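Structure file entry_23.cif with mmCIF, C-alpha atoms and all ligand atoms:
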```
data_coords
loop_
_atom_site.label_atom_id
_atom_site.label_comp_id
_atom_site.auth_asym_id
_atom_site.auth_seq_id
_atom_site.Cartn_x
_atom_site.Cartn_y
_atom_site.Cartn_z
CA MET X 1 -23.13 169.45 -58.26
CA ALA X 2 -21.42 168.58 -54.98
CA PRO X 3 -18.91 171.21 -53.80
CA THR X 4 -15.27 170.20 -54.21
CA THR X 5 -13.23 170.01 -51.01
CA SER X 6 -9.46 169.79 -50.87
CA THR X 7 -8.07 167.13 -48.54
CA PRO X 8 -5.49 168.57 -46.15
CA GLY X 9 -1.94 167.33 -46.79
CA PRO X 10 0.29 165.92 -44.05
CA LYS X 11 1.35 168.31 -41.27
CA THR X 12 4.72 169.84 -42.05
CA ASN X 13 7.40 171.33 -39.82
CA ARG X 14 9.21 174.67 -40.08
CA ILE X 15 11.39 173.41 -42.94
CA GLY X 16 8.40 172.03 -44.82
CA LEU X 17 8.99 168.32 -44.12
CA ALA X 18 6.41 165.77 -42.97
CA VAL X 19 7.06 163.27 -40.17
CA LEU X 20 7.37 160.60 -42.88
CA ASP X 21 10.58 162.30 -44.01
CA TYR X 22 12.11 161.34 -40.64
CA LYS X 23 11.19 157.65 -40.74
CA GLY X 24 13.56 154.80 -41.51
CA GLY X 25 13.32 151.14 -42.46
CA ARG X 26 10.90 148.72 -40.87
CA THR X 27 12.19 147.49 -37.51
CA THR X 28 13.47 143.93 -37.16
CA LEU X 29 13.72 144.21 -33.36
CA CYS X 30 11.35 142.21 -31.11
CA ALA X 31 7.84 143.63 -30.75
CA GLY X 32 7.76 145.61 -27.49
CA CYS X 33 11.54 146.19 -27.34
CA GLY X 34 12.21 149.53 -25.62
CA HIS X 35 14.64 150.47 -28.41
CA ASN X 36 11.72 150.84 -30.86
CA ALA X 37 10.05 153.43 -28.59
CA ILE X 38 13.31 155.41 -28.44
CA SER X 39 13.49 155.45 -32.27
CA GLU X 40 9.97 156.90 -32.28
CA ARG X 41 10.95 159.67 -29.85
CA ILE X 42 13.99 160.53 -31.99
CA ILE X 43 11.74 160.81 -35.06
CA ASP X 44 9.24 163.06 -33.22
CA ALA X 45 11.91 165.32 -31.73
CA MET X 46 13.87 165.77 -34.98
CA PHE X 47 10.64 166.49 -36.85
CA GLU X 48 9.40 169.03 -34.29
CA MET X 49 12.76 170.76 -34.07
CA GLY X 50 12.85 171.01 -37.87
CA VAL X 51 16.29 169.41 -38.19
CA PRO X 52 17.23 168.75 -41.85
CA PRO X 53 17.72 164.94 -41.98
CA GLU X 54 20.76 165.39 -44.27
CA ARG X 55 22.52 167.31 -41.46
CA VAL X 56 22.36 164.33 -39.11
CA ALA X 57 25.07 161.67 -38.83
CA LYS X 58 23.78 158.55 -37.08
CA LEU X 59 26.57 156.55 -35.49
CA SER X 60 26.45 153.27 -33.61
CA GLY X 61 28.41 150.22 -32.53
CA ILE X 62 27.13 146.63 -32.36
CA GLY X 63 24.03 145.28 -30.61
CA CYS X 64 20.24 145.37 -31.04
CA SER X 65 20.42 149.03 -29.90
CA SER X 66 23.16 149.78 -32.41
CA LYS X 67 21.01 148.30 -35.20
CA SER X 68 18.20 150.73 -34.43
CA PRO X 69 19.53 153.74 -36.46
CA ALA X 70 18.43 151.73 -39.52
CA TYR X 71 14.85 152.20 -38.31
CA PHE X 72 14.70 156.01 -38.17
CA MET X 73 15.82 158.92 -40.34
CA GLY X 74 16.56 157.02 -43.54
CA ARG X 75 17.67 160.23 -45.29
CA SER X 76 20.50 160.90 -42.79
CA HIS X 77 24.12 159.74 -42.93
CA SER X 78 24.73 156.51 -41.04
CA PHE X 79 27.75 154.52 -39.88
CA ASN X 80 27.59 151.24 -38.00
CA ALA X 81 31.03 150.98 -36.35
CA VAL X 82 32.86 148.11 -34.66
CA HIS X 83 31.61 146.95 -31.23
CA GLY X 84 32.36 149.69 -28.65
CA ARG X 85 34.31 151.84 -31.11
CA MET X 86 31.66 154.31 -32.22
CA PRO X 87 33.14 157.26 -30.23
CA SER X 88 36.31 157.44 -32.35
CA VAL X 89 34.31 157.30 -35.59
CA ALA X 90 31.97 160.00 -34.27
CA THR X 91 34.93 162.19 -33.26
CA GLY X 92 36.44 161.84 -36.73
CA ALA X 93 33.15 162.67 -38.42
CA MET X 94 32.65 165.80 -36.33
CA LEU X 95 36.21 166.99 -36.87
CA ALA X 96 35.78 166.54 -40.61
CA ASN X 97 32.44 168.32 -40.69
CA ARG X 98 31.58 170.51 -37.71
CA ASN X 99 28.20 171.38 -39.24
CA LEU X 100 26.85 167.86 -38.73
CA LEU X 101 24.54 166.95 -35.90
CA ALA X 102 26.04 163.74 -34.50
CA LEU X 103 23.63 161.25 -33.00
CA GLY X 104 25.29 158.23 -31.41
CA VAL X 105 23.16 155.24 -30.45
CA SER X 106 24.79 152.61 -28.30
CA GLY X 107 23.88 149.87 -25.85
CA ASP X 108 24.90 149.28 -22.25
CA GLY X 109 27.19 146.47 -23.44
CA ASP X 110 28.54 148.48 -26.35
CA THR X 111 29.26 151.43 -24.02
CA ALA X 112 29.96 150.18 -20.51
CA SER X 113 31.51 146.78 -21.25
CA ILE X 114 33.63 146.50 -24.42
CA GLY X 115 33.46 150.22 -25.26
CA VAL X 116 34.19 151.76 -21.87
CA GLY X 117 37.71 152.91 -22.87
CA GLN X 118 36.43 154.88 -25.85
CA PHE X 119 33.42 156.15 -23.90
CA VAL X 120 35.48 157.81 -21.14
CA HIS X 121 37.63 159.70 -23.64
CA LEU X 122 34.57 160.87 -25.56
CA MET X 123 33.00 162.23 -22.36
CA ARG X 124 36.10 164.23 -21.38
CA ARG X 125 36.25 166.05 -24.71
CA ASN X 126 32.80 167.62 -24.75
CA LEU X 127 32.47 166.83 -28.46
CA PRO X 128 29.12 168.10 -29.82
CA ILE X 129 27.18 164.82 -29.96
CA ILE X 130 23.99 163.31 -28.60
CA TYR X 131 25.14 159.99 -27.16
CA ILE X 132 22.28 157.66 -26.27
CA ILE X 133 22.67 154.46 -24.31
CA GLU X 134 19.69 152.17 -24.81
CA ASP X 135 20.15 150.50 -21.45
CA ASN X 136 18.55 147.09 -20.84
CA GLY X 137 21.21 145.72 -18.48
CA VAL X 138 22.01 142.82 -20.82
CA TYR X 139 23.65 141.94 -24.13
CA GLY X 140 20.35 141.49 -25.98
CA LEU X 141 21.87 140.57 -29.34
CA THR X 142 23.94 137.71 -27.91
CA LYS X 143 21.06 136.26 -25.87
CA GLY X 144 20.95 138.14 -22.61
CA GLN X 145 24.18 137.97 -20.57
CA PHE X 146 24.55 140.65 -17.85
CA SER X 147 26.23 143.88 -18.94
CA ALA X 148 28.21 146.27 -16.72
CA THR X 149 25.11 148.40 -15.99
CA ALA X 150 23.16 145.48 -14.44
CA ASP X 151 22.30 146.23 -10.82
CA LEU X 152 23.84 144.26 -7.99
CA GLY X 153 21.49 141.43 -7.05
CA SER X 154 19.38 141.56 -10.22
CA LYS X 155 18.41 138.20 -11.64
CA LEU X 156 18.61 136.65 -15.10
CA LYS X 157 15.77 134.49 -16.45
CA THR X 158 17.93 131.44 -15.74
CA GLY X 159 18.09 132.42 -12.05
CA VAL X 160 21.72 133.64 -12.17
CA ILE X 161 22.24 136.58 -9.78
CA ASN X 162 24.49 139.51 -10.69
CA ASP X 163 27.13 139.80 -7.98
CA LEU X 164 29.01 142.84 -9.33
CA PRO X 165 28.15 146.51 -8.74
CA PRO X 166 26.93 148.48 -11.78
CA ILE X 167 28.77 151.25 -13.61
CA ASP X 168 26.62 154.39 -13.44
CA THR X 169 27.24 155.88 -16.87
CA CYS X 170 25.62 159.19 -15.85
CA ALA X 171 27.83 159.72 -12.78
CA MET X 172 30.81 158.76 -14.92
CA ALA X 173 29.88 161.14 -17.75
CA ILE X 174 29.41 164.09 -15.35
CA THR X 175 32.68 163.35 -13.56
CA LEU X 176 34.56 163.27 -16.85
CA GLY X 177 33.17 166.45 -18.43
CA ALA X 178 29.95 165.77 -20.41
CA THR X 179 27.79 168.90 -20.30
CA PHE X 180 24.23 167.57 -20.58
CA VAL X 181 23.54 164.36 -18.71
CA GLY X 182 20.21 162.70 -18.03
CA ARG X 183 18.45 159.43 -17.51
CA SER X 184 15.02 158.50 -18.80
CA PHE X 185 12.87 155.47 -19.50
CA SER X 186 11.71 154.35 -22.96
CA GLY X 187 8.18 154.03 -21.52
CA ASP X 188 8.05 157.67 -20.35
CA LYS X 189 7.01 159.33 -23.57
CA LYS X 190 6.63 162.85 -22.18
CA GLN X 191 9.91 163.06 -20.29
CA LEU X 192 11.93 161.51 -23.09
CA HIS X 193 10.37 163.73 -25.72
CA SER X 194 11.32 166.98 -23.92
CA MET X 195 14.77 165.66 -23.08
CA MET X 196 15.43 164.74 -26.73
CA LYS X 197 14.40 168.18 -27.97
CA ALA X 198 16.67 169.90 -25.43
CA ALA X 199 19.48 167.53 -26.45
CA ILE X 200 19.15 168.69 -30.07
CA ALA X 201 19.58 172.32 -28.92
CA HIS X 202 22.77 171.58 -26.94
CA ARG X 203 26.23 172.10 -28.50
CA GLY X 204 28.40 169.82 -26.40
CA THR X 205 28.30 166.21 -25.24
CA VAL X 206 24.78 165.10 -24.34
CA MET X 207 24.80 161.73 -22.61
CA LEU X 208 21.39 160.16 -22.14
CA ASP X 209 21.10 156.81 -20.43
CA ILE X 210 17.66 155.53 -21.38
CA VAL X 211 16.38 152.45 -19.59
CA SER X 212 15.00 150.38 -22.45
CA PRO X 213 13.63 146.98 -21.44
CA CYS X 214 14.62 143.86 -23.40
CA VAL X 215 11.31 141.98 -23.55
CA THR X 216 13.02 138.77 -24.62
CA PHE X 217 15.81 138.45 -22.04
CA ASN X 218 15.34 140.94 -19.20
CA ASP X 219 11.72 141.80 -18.49
CA HIS X 220 10.93 139.34 -15.69
CA GLU X 221 10.52 139.47 -11.91
CA GLY X 222 13.96 140.11 -10.35
CA SER X 223 15.14 142.39 -13.17
CA THR X 224 15.67 146.08 -12.37
CA LYS X 225 15.44 147.08 -16.05
CA SER X 226 11.96 145.65 -16.73
CA TYR X 227 8.83 147.65 -17.67
CA LYS X 228 7.21 146.77 -14.35
CA TYR X 229 10.23 147.69 -12.25
CA MET X 230 10.60 151.06 -13.96
CA LYS X 231 6.88 151.84 -13.76
CA ASP X 232 6.90 151.05 -10.03
CA HIS X 233 10.22 152.71 -9.12
CA ASP X 234 10.80 155.59 -11.56
CA GLU X 235 11.48 158.73 -9.50
CA PRO X 236 11.74 161.83 -11.69
CA LEU X 237 13.74 164.77 -10.36
CA GLN X 238 11.83 167.34 -12.42
CA GLU X 239 8.97 167.92 -14.80
CA ILE X 240 10.73 168.84 -18.00
CA SER X 241 9.44 171.22 -20.63
CA PHE X 242 11.23 172.71 -23.59
CA VAL X 243 10.48 175.82 -25.62
CA PRO X 244 12.43 175.96 -28.91
CA ALA X 245 13.93 179.30 -29.95
CA PHE X 246 11.58 179.53 -32.95
CA GLU X 247 8.45 179.38 -30.75
CA GLU X 248 7.17 182.25 -28.68
CA ILE X 249 7.47 181.86 -24.93
CA ASP X 250 3.98 182.44 -23.60
CA VAL X 251 4.13 181.50 -19.92
CA GLU X 252 6.37 183.10 -17.31
CA TYR X 253 8.36 180.64 -15.23
CA ASP X 254 8.52 180.78 -11.47
CA PRO X 255 12.16 180.83 -10.30
CA GLY X 256 11.01 179.60 -6.87
CA THR X 257 9.79 176.28 -8.16
CA SER X 258 11.48 176.02 -11.54
CA ILE X 259 14.90 176.39 -13.10
CA GLU X 260 15.20 177.78 -16.60
CA VAL X 261 18.29 177.05 -18.66
CA THR X 262 18.95 178.97 -21.88
CA MET X 263 20.39 176.62 -24.46
CA HIS X 264 23.01 177.49 -27.11
CA ASP X 265 20.43 178.41 -29.75
CA GLY X 266 18.31 180.51 -27.37
CA SER X 267 15.75 177.78 -26.60
CA LYS X 268 14.61 177.39 -23.02
CA LEU X 269 14.80 174.23 -20.98
CA ARG X 270 12.44 174.45 -18.02
CA LEU X 271 12.77 172.14 -15.09
CA ARG X 272 9.96 172.26 -12.55
CA LYS X 273 11.59 171.01 -9.39
CA LEU X 274 10.10 167.97 -7.74
CA GLU X 275 13.01 167.97 -5.31
CA GLU X 276 13.36 171.41 -3.81
CA GLU X 277 17.12 171.42 -3.34
CA TYR X 278 18.10 170.00 -6.69
CA ASP X 279 19.93 172.28 -9.11
CA PRO X 280 21.22 170.56 -12.28
CA ARG X 281 23.80 173.33 -12.81
CA ASP X 282 25.74 172.13 -9.76
CA ARG X 283 28.14 169.40 -10.88
CA ILE X 284 29.27 168.20 -7.45
CA LYS X 285 25.70 167.94 -6.14
CA ALA X 286 24.67 166.04 -9.27
CA ILE X 287 27.36 163.41 -8.66
CA THR X 288 26.50 163.21 -4.95
CA ARG X 289 22.78 162.81 -5.71
CA LEU X 290 23.49 159.95 -8.12
CA HIS X 291 25.57 158.17 -5.50
CA GLU X 292 22.78 158.67 -2.96
CA ALA X 293 20.30 157.17 -5.43
CA HIS X 294 22.45 154.05 -5.57
CA GLU X 295 22.62 153.80 -1.80
CA LYS X 296 18.83 154.09 -1.57
CA GLY X 297 18.13 151.81 -4.56
CA GLU X 298 16.20 154.57 -6.38
CA ALA X 299 15.59 154.53 -10.15
CA LEU X 300 16.20 158.27 -10.47
CA THR X 301 15.42 159.95 -13.81
CA GLY X 302 15.62 163.51 -15.14
CA VAL X 303 18.22 166.05 -16.25
CA PHE X 304 21.04 165.50 -13.74
CA TYR X 305 23.49 168.03 -15.09
CA VAL X 306 23.51 170.82 -17.65
CA ASN X 307 26.26 173.29 -18.46
CA THR X 308 25.92 175.51 -21.52
CA LYS X 309 29.04 177.58 -20.76
CA ALA X 310 31.88 175.06 -21.19
CA PRO X 311 33.74 175.18 -24.54
CA ASN X 312 33.18 172.18 -26.76
CA PHE X 313 35.91 170.14 -28.47
CA ILE X 314 35.58 171.96 -31.81
CA GLU X 315 36.00 175.33 -30.05
CA MET X 316 38.90 174.04 -27.95
CA LEU X 317 40.73 172.95 -31.11
CA ASN X 318 40.14 176.37 -32.60
CA MET X 319 38.99 174.87 -35.88
CA THR X 320 38.10 176.87 -38.97
CA ASP X 321 34.46 177.92 -39.33
CA GLU X 322 34.34 176.21 -42.70
CA PRO X 323 34.25 172.42 -42.21
CA LEU X 324 37.46 170.64 -43.21
CA ALA X 325 35.37 168.39 -45.45
CA THR X 326 34.32 171.30 -47.69
CA LEU X 327 37.59 173.25 -47.76
CA PRO X 328 39.46 173.01 -51.09
CA GLU X 329 42.33 170.55 -51.30
CA SER X 330 44.79 173.39 -51.83
CA VAL X 331 44.07 174.49 -48.25
CA VAL X 332 43.77 171.17 -46.42
CA ARG X 333 46.67 169.57 -48.28
CA PRO X 334 49.63 171.97 -48.26
CA GLY X 335 52.16 171.60 -51.06
CA ARG X 336 55.68 170.13 -50.99
CA GLU X 337 57.30 173.51 -50.18
CA VAL X 338 55.30 173.82 -46.95
CA LEU X 339 56.28 170.30 -45.93
CA GLU X 340 59.92 171.00 -46.72
CA GLN X 341 59.79 174.20 -44.70
CA ALA X 342 58.30 172.31 -41.73
CA MET X 343 61.03 169.67 -42.00
CA GLU X 344 63.66 172.39 -42.15
CA GLU X 345 62.31 173.92 -38.93
CA LEU X 346 62.61 170.56 -37.20
CA ARG X 347 66.24 170.06 -38.09
C1 LIG X 401 34.56 142.49 -30.81
C2 LIG X 401 33.25 141.85 -30.53
N1 LIG X 401 33.07 141.19 -29.37
C3 LIG X 401 31.87 140.63 -29.08
C4 LIG X 401 30.85 140.69 -29.99
C5 LIG X 401 29.54 140.02 -29.67
N2 LIG X 401 28.50 140.96 -29.32
C6 LIG X 401 27.67 141.46 -30.25
S1 LIG X 401 26.55 142.51 -29.62
C7 LIG X 401 27.17 142.31 -28.06
C8 LIG X 401 26.58 143.00 -26.86
C9 LIG X 401 25.51 143.98 -27.18
O1 LIG X 401 24.94 144.46 -26.01
P1 LIG X 401 24.37 145.92 -25.91
O2 LIG X 401 25.33 146.91 -26.37
O3 LIG X 401 23.87 146.08 -24.51
O4 LIG X 401 23.17 145.92 -26.96
P2 LIG X 401 21.70 145.29 -26.90
O5 LIG X 401 21.76 144.14 -27.85
O6 LIG X 401 21.42 144.87 -25.51
O7 LIG X 401 20.82 146.39 -27.35
C10 LIG X 401 28.23 141.41 -28.05
C11 LIG X 401 28.99 141.01 -26.83
C12 LIG X 401 31.08 141.39 -31.19
N3 LIG X 401 30.11 141.55 -32.11
N4 LIG X 401 32.28 141.95 -31.44
S1 LIG X 402 16.57 140.64 -27.93
FE1 LIG X 402 15.98 142.23 -26.46
S2 LIG X 402 17.19 144.04 -27.00
FE2 LIG X 402 17.20 142.64 -28.78
S3 LIG X 402 15.48 143.31 -30.08
FE3 LIG X 402 14.73 141.67 -28.73
S4 LIG X 402 13.86 142.75 -26.98
FE4 LIG X 402 15.18 144.21 -28.04
MG MG X 403 21.96 145.96 -23.79
#
```
As C-alpha cells, how would this structure be written, given the file I've shared?
Amino acid sequence: MAPTTSTPGPKTNRIGLAVLDYKGGRTTLCAGCGHNAISERIIDAMFEMGVPPERVAKLSGIGCSSKSPAYFMGRSHSFNAVHGRMPSVATGAMLANRNLLALGVSGDGDTASIGVGQFVHLMRRNLPIIYIIEDNGVYGLTKGQFSATADLGSKLKTGVINDLPPIDTCAMAITLGATFVGRSFSGDKKQLHSMMKAAIAHRGTVMLDIVSPCVTFNDHEGSTKSYKYMKDHDEPLQEISFVPAFEEIDVEYDPGTSIEVTMHDGSKLRLRKLEEEYDPRDRIKAITRLHEAHEKGEALTGVFYVNTKAPNFIEMLNMTDEPLATLPESVVRPGREVLEQAMEELR
C-alpha cells in the first residue's frame, strides 16, 4: 500500500490567516493599471504584518483609484465617500473608534484637485491614518484630463501640454504636519512593500504618494508618470528595510551608512543611505530636498520624513481609551439633568 502523505495547507500568518483572507473582489480596472499593483502590495503587507482584516477601515473618494478598495481586503470595513471628501469621513471614523486602522486610498485628482481643502486639514491634524495617493497625473475615470500633480510641460495623448506647475503633495504634507511621508512607484515592488509595512506600524498620519501609471490615458512618450519615465528616472533616496516587532532582529545596522527609526510598536525601519547627507528625521531638510528635486527634474522616491515623537490627533484630543463607539449610551449621551446644568452654567 502506498504511504499516505498530507498535503501542506496554505501558509498562514501570526494570527492564523492565509493571504486569501486579505483578498477582495475581482478588479474591474484596466489590465496593467498601476492601481492594481498597489492593491497587491497592500494585501501582502497586511498579511505579513498579521493585521486582523476586521480592524481595518478602508476609505476612499471617487476615481479609478478610489474604486480599488473593493479589490482588496473584502473582510474589512469600507466607505466610498464623495469626491475629495474622504478625509472628513476618515476623521469621523477614527474619532468614533480609535482602535481602527484607517487606510485611505485616493487619487491625485481626488486629493490635489477637488479634495485639496480637506487634504490640507487632514495633514495638519496628524490623525492616525495611512493616506495613499495613487498618482497618475490625470483624472483616469473621466478620460484623462490633467490633474494638479501633472508636471509642467508634460504632454497628454492629444498633444496638449500642461502649462501649470504641479502641487507636490509630499512637500505639502510635511509642511503641514504629517509624520510619515514618502513617495514610491507602483512598479517598485520591493520599495513599496517595505514602505507599506512601516506605514502599518506608524501611529500618526502616513502620506504616501505612489506614482501609479494610467495605461489608458497617461503612459505615452511625453508623460512623466508613465512606466518608462519612472523606470528611467526613479532616484531612490534609500534602500528601505523593515523589521516588525514580532520578528527577531538578526543583523546589526551600521549607523555610518544607515539610519534606524524605532516605530511606535517597537518595529525597526532601516534606511540605508544612498545620499550621504540625507536624514529623514530633519523636517526642514526634507522640504528643501523636495524643492531641489523639482528644480533638477528628479523623480525622487523614498521615505522623505519620519517623526515618531509628535502626538497624534487622538492623543491631542485626550480621548478615552475605550472607543466612543463601544462606550454605553449612558456615558456618551448624558441625561437631561447634565444638559440643564450645562445650560445653567452658560446663563
Ligand atoms: C463632485 C464631483 N465632481 C466631479 C466628478 C467627476 N470625477 C469623477 S472621478 C474624477 C477624477 C478622478 O481622478 P483621480 O482622483 O486622479 O483618480 P483616477 O481615476 O485617476 O485614479 C472626476 C473629476 C465627480 N464624480 N464628482
Ligand atoms: S483608466 Fe487609467 S486609472 Fe483608470 S483603470 Fe484604466 S489605467 Fe487605471
Ligand atoms: Mg489620477
Centre, edges in Å (one decimal): axis-aligned box, ligand LIG 401 (chain X), 8 Å padding on all six sides, as lines of an AutoDock Vina configuration file:
```
center_x = 27.7
center_y = 143.5
center_z = -28.3
size_x = 29.7
size_y = 22.9
size_z = 23.6
```
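Close to (19.2, 133.3, -12.1), meaning no more than 12 Å away when counting all atoms listed in the file, sit the residues X:Gly144, X:Gln145, X:Phe146, X:Gly153, X:Ser154, X:Lys155, X:Leu156, X:Lys157, X:Thr158, X:Gly159, X:Val160, X:Ile161, X:Asn162, X:Asp163, X:Phe217, X:Asn218, X:His220, X:Glu221, X:Gly222, X:Ser223.
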Using only C-alpha atoms and all ligand atoms, what table do you get, as JSON lines, when you list each residue of chain X with an atom no more than 10 Å from ligand LIG 402 (chain X), its nearest pair of atoms, and their distance in Å rounded to one decimal, rows by chain then rising number?
```
{"residue": "X:Thr27", "atom": "CA", "partner": "X:LIG402", "partner_atom": "S3", "distance": 9.1}
{"residue": "X:Thr28", "atom": "CA", "partner": "X:LIG402", "partner_atom": "S3", "distance": 7.4}
{"residue": "X:Leu29", "atom": "CA", "partner": "X:LIG402", "partner_atom": "S3", "distance": 3.8}
{"residue": "X:Cys30", "atom": "CA", "partner": "X:LIG402", "partner_atom": "FE3", "distance": 4.2}
{"residue": "X:Ala31", "atom": "CA", "partner": "X:LIG402", "partner_atom": "S4", "distance": 7.2}
{"residue": "X:Gly32", "atom": "CA", "partner": "X:LIG402", "partner_atom": "S4", "distance": 6.8}
{"residue": "X:Cys33", "atom": "CA", "partner": "X:LIG402", "partner_atom": "S4", "distance": 4.2}
{"residue": "X:Gly34", "atom": "CA", "partner": "X:LIG402", "partner_atom": "FE4", "distance": 6.6}
{"residue": "X:His35", "atom": "CA", "partner": "X:LIG402", "partner_atom": "FE4", "distance": 6.3}
{"residue": "X:Asn36", "atom": "CA", "partner": "X:LIG402", "partner_atom": "FE4", "distance": 8.0}
{"residue": "X:Gly63", "atom": "CA", "partner": "X:LIG402", "partner_atom": "FE2", "distance": 7.5}
{"residue": "X:Cys64", "atom": "CA", "partner": "X:LIG402", "partner_atom": "FE2", "distance": 4.7}
{"residue": "X:Ser65", "atom": "CA", "partner": "X:LIG402", "partner_atom": "S2", "distance": 6.6}
{"residue": "X:Ser66", "atom": "CA", "partner": "X:LIG402", "partner_atom": "S2", "distance": 9.9}
{"residue": "X:Lys67", "atom": "CA", "partner": "X:LIG402", "partner_atom": "S3", "distance": 9.0}
{"residue": "X:Ser68", "atom": "CA", "partner": "X:LIG402", "partner_atom": "S3", "distance": 9.0}
{"residue": "X:Gly107", "atom": "CA", "partner": "X:LIG402", "partner_atom": "S2", "distance": 8.9}
{"residue": "X:Glu134", "atom": "CA", "partner": "X:LIG402", "partner_atom": "S2", "distance": 8.8}
{"residue": "X:Asp135", "atom": "CA", "partner": "X:LIG402", "partner_atom": "S2", "distance": 9.0}
{"residue": "X:Asn136", "atom": "CA", "partner": "X:LIG402", "partner_atom": "S2", "distance": 7.0}
{"residue": "X:Gly137", "atom": "CA", "partner": "X:LIG402", "partner_atom": "S2", "distance": 9.6}
{"residue": "X:Val138", "atom": "CA", "partner": "X:LIG402", "partner_atom": "S2", "distance": 7.9}
{"residue": "X:Tyr139", "atom": "CA", "partner": "X:LIG402", "partner_atom": "S2", "distance": 7.4}
{"residue": "X:Gly140", "atom": "CA", "partner": "X:LIG402", "partner_atom": "S2", "distance": 4.2}
{"residue": "X:Leu141", "atom": "CA", "partner": "X:LIG402", "partner_atom": "FE2", "distance": 5.1}
{"residue": "X:Thr142", "atom": "CA", "partner": "X:LIG402", "partner_atom": "S1", "distance": 7.9}
{"residue": "X:Lys143", "atom": "CA", "partner": "X:LIG402", "partner_atom": "S1", "distance": 6.6}
{"residue": "X:Gly144", "atom": "CA", "partner": "X:LIG402", "partner_atom": "S1", "distance": 7.3}
{"residue": "X:Ser212", "atom": "CA", "partner": "X:LIG402", "partner_atom": "S2", "distance": 8.1}
{"residue": "X:Pro213", "atom": "CA", "partner": "X:LIG402", "partner_atom": "S4", "distance": 7.0}
{"residue": "X:Cys214", "atom": "CA", "partner": "X:LIG402", "partner_atom": "FE1", "distance": 3.7}
{"residue": "X:Val215", "atom": "CA", "partner": "X:LIG402", "partner_atom": "S4", "distance": 4.3}
{"residue": "X:Thr216", "atom": "CA", "partner": "X:LIG402", "partner_atom": "S4", "distance": 4.7}
{"residue": "X:Phe217", "atom": "CA", "partner": "X:LIG402", "partner_atom": "FE1", "distance": 5.8}
{"residue": "X:Asn218", "atom": "CA", "partner": "X:LIG402", "partner_atom": "FE1", "distance": 7.4}
{"residue": "X:Asp219", "atom": "CA", "partner": "X:LIG402", "partner_atom": "S4", "distance": 8.8}
```
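Distance annotation: of X:Gln238, X:Asn307, X:Thr224, X:Gln191, the residue with the minimal separation from Ile174 (chain X) is X:Asn307; atom set is only C-alpha atoms.
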- Note on the structure: With distances taken over only C-alpha atoms, the candidate from X:Glu276, X:Glu345, X:Asp282, X:Glu298 nearest Asp151 (chain X) is X:Glu298
- Could you tell me how far CA of Asp254 (chain X) lies from CA of Ser241 (chain X), in Å and to one decimal?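 So the two atoms, CA of Asp254 (chain X) and CA of Ser241 (chain X), lie 13.3 Å apart.
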- Message: Can you measure CA of Glu295 (chain X) to CA of Ser106 (chain X) for me? One decimal in Å is fine.
- Response: 26.6 Å
- Message: To one decimal place in Å, what is the distance between atom O5 of ligand LIG 401 (chain X) and CA of Arg289 (chain X)?
- Response: 29.0 Å
- Choose the residue, out of X:Ser194, X:Ser147, X:Asn318, X:Thr326, that has the smallest atom-to-atom separation from ligand LIG 401 (chain X); count all atoms listed in the file.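 Smallest separation from ligand LIG 401 (chain X) among the options: X:Ser147.
The smallest atom-to-atom distance between ligand MG 403 (chain X) and any of X:Asn126, X:Ser184, X:Thr149, X:Asn99, using all atoms listed in the file, is found for X:Thr149.
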- Query: Do you know which residues are at most 12 Å from Arg270 (chain X) counting only C-alpha atoms, after dropping those on the same chain fewer than 6 positions away, and could you put them as a PyMOL selection string?
  - Reply: chain X and resi 191+194-195+197-198+238-244+249+251-255+257-263+279-280+302-303+306
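You can rank X:Lys268, X:Lys225, X:Lys58, X:His294 by their closest distance to ligand LIG 401 (chain X) using all atoms listed in the file, and at the top of that list sits X:Lys225.
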- Note on the structure: Counting all atoms listed in the file, the residue among X:Ser113, X:Thr301, X:Gln341, X:Thr12 that lies closest to ligand MG 403 (chain X) is X:Ser113
- Task: Mind checking which residues fall within 8 Å of region 53-55 of chain X, counting only C-alpha atoms, ignoring those fewer than 5 positions away in the same chain, and posting them as a PyMOL selection string?
- Result: chain X and resi 21-22+73+75-77+99-101
- Message: Using all atoms listed in the file, which protein or nucleic acid residues come within 7 Å of Phe313 (chain X)? Drop anything in the same chain fewer than 4 positions from it, and give the result as a ChimeraX atom specification.
- Response: /X:125-127,317
Contacts of Ile114 (chain X) at 10 Å or less, counting all atoms listed in the file, minus same-chain residues fewer than 6 places along, as a tab-separated table (two decimals) with C-alpha atoms, keeping the file's coordinate frame?
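Output file around_17.tsv is given in full below:
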```
chain	number	residue	atom	x	y	z
X	83	HIS	CA	31.61	146.95	-31.23
X	84	GLY	CA	32.36	149.69	-28.65
X	85	ARG	CA	34.31	151.84	-31.11
X	108	ASP	CA	24.90	149.28	-22.25
X	147	SER	CA	26.23	143.88	-18.94
X	148	ALA	CA	28.21	146.27	-16.72
```
- Residues near Thr179 (chain X), cut-off 12 Å, only C-alpha atoms, skip fewer than 6 positions along chain, as JSON, numbers by chain: {"X": [122, 123, 124, 125, 126, 127, 128, 129, 130, 131, 170, 171, 172, 173, 199, 202, 203, 204, 205, 206, 207, 208, 263, 264, 280, 281, 282, 283, 286, 303, 304, 305, 306, 307, 308, 309, 310, 311, 312, 313]}
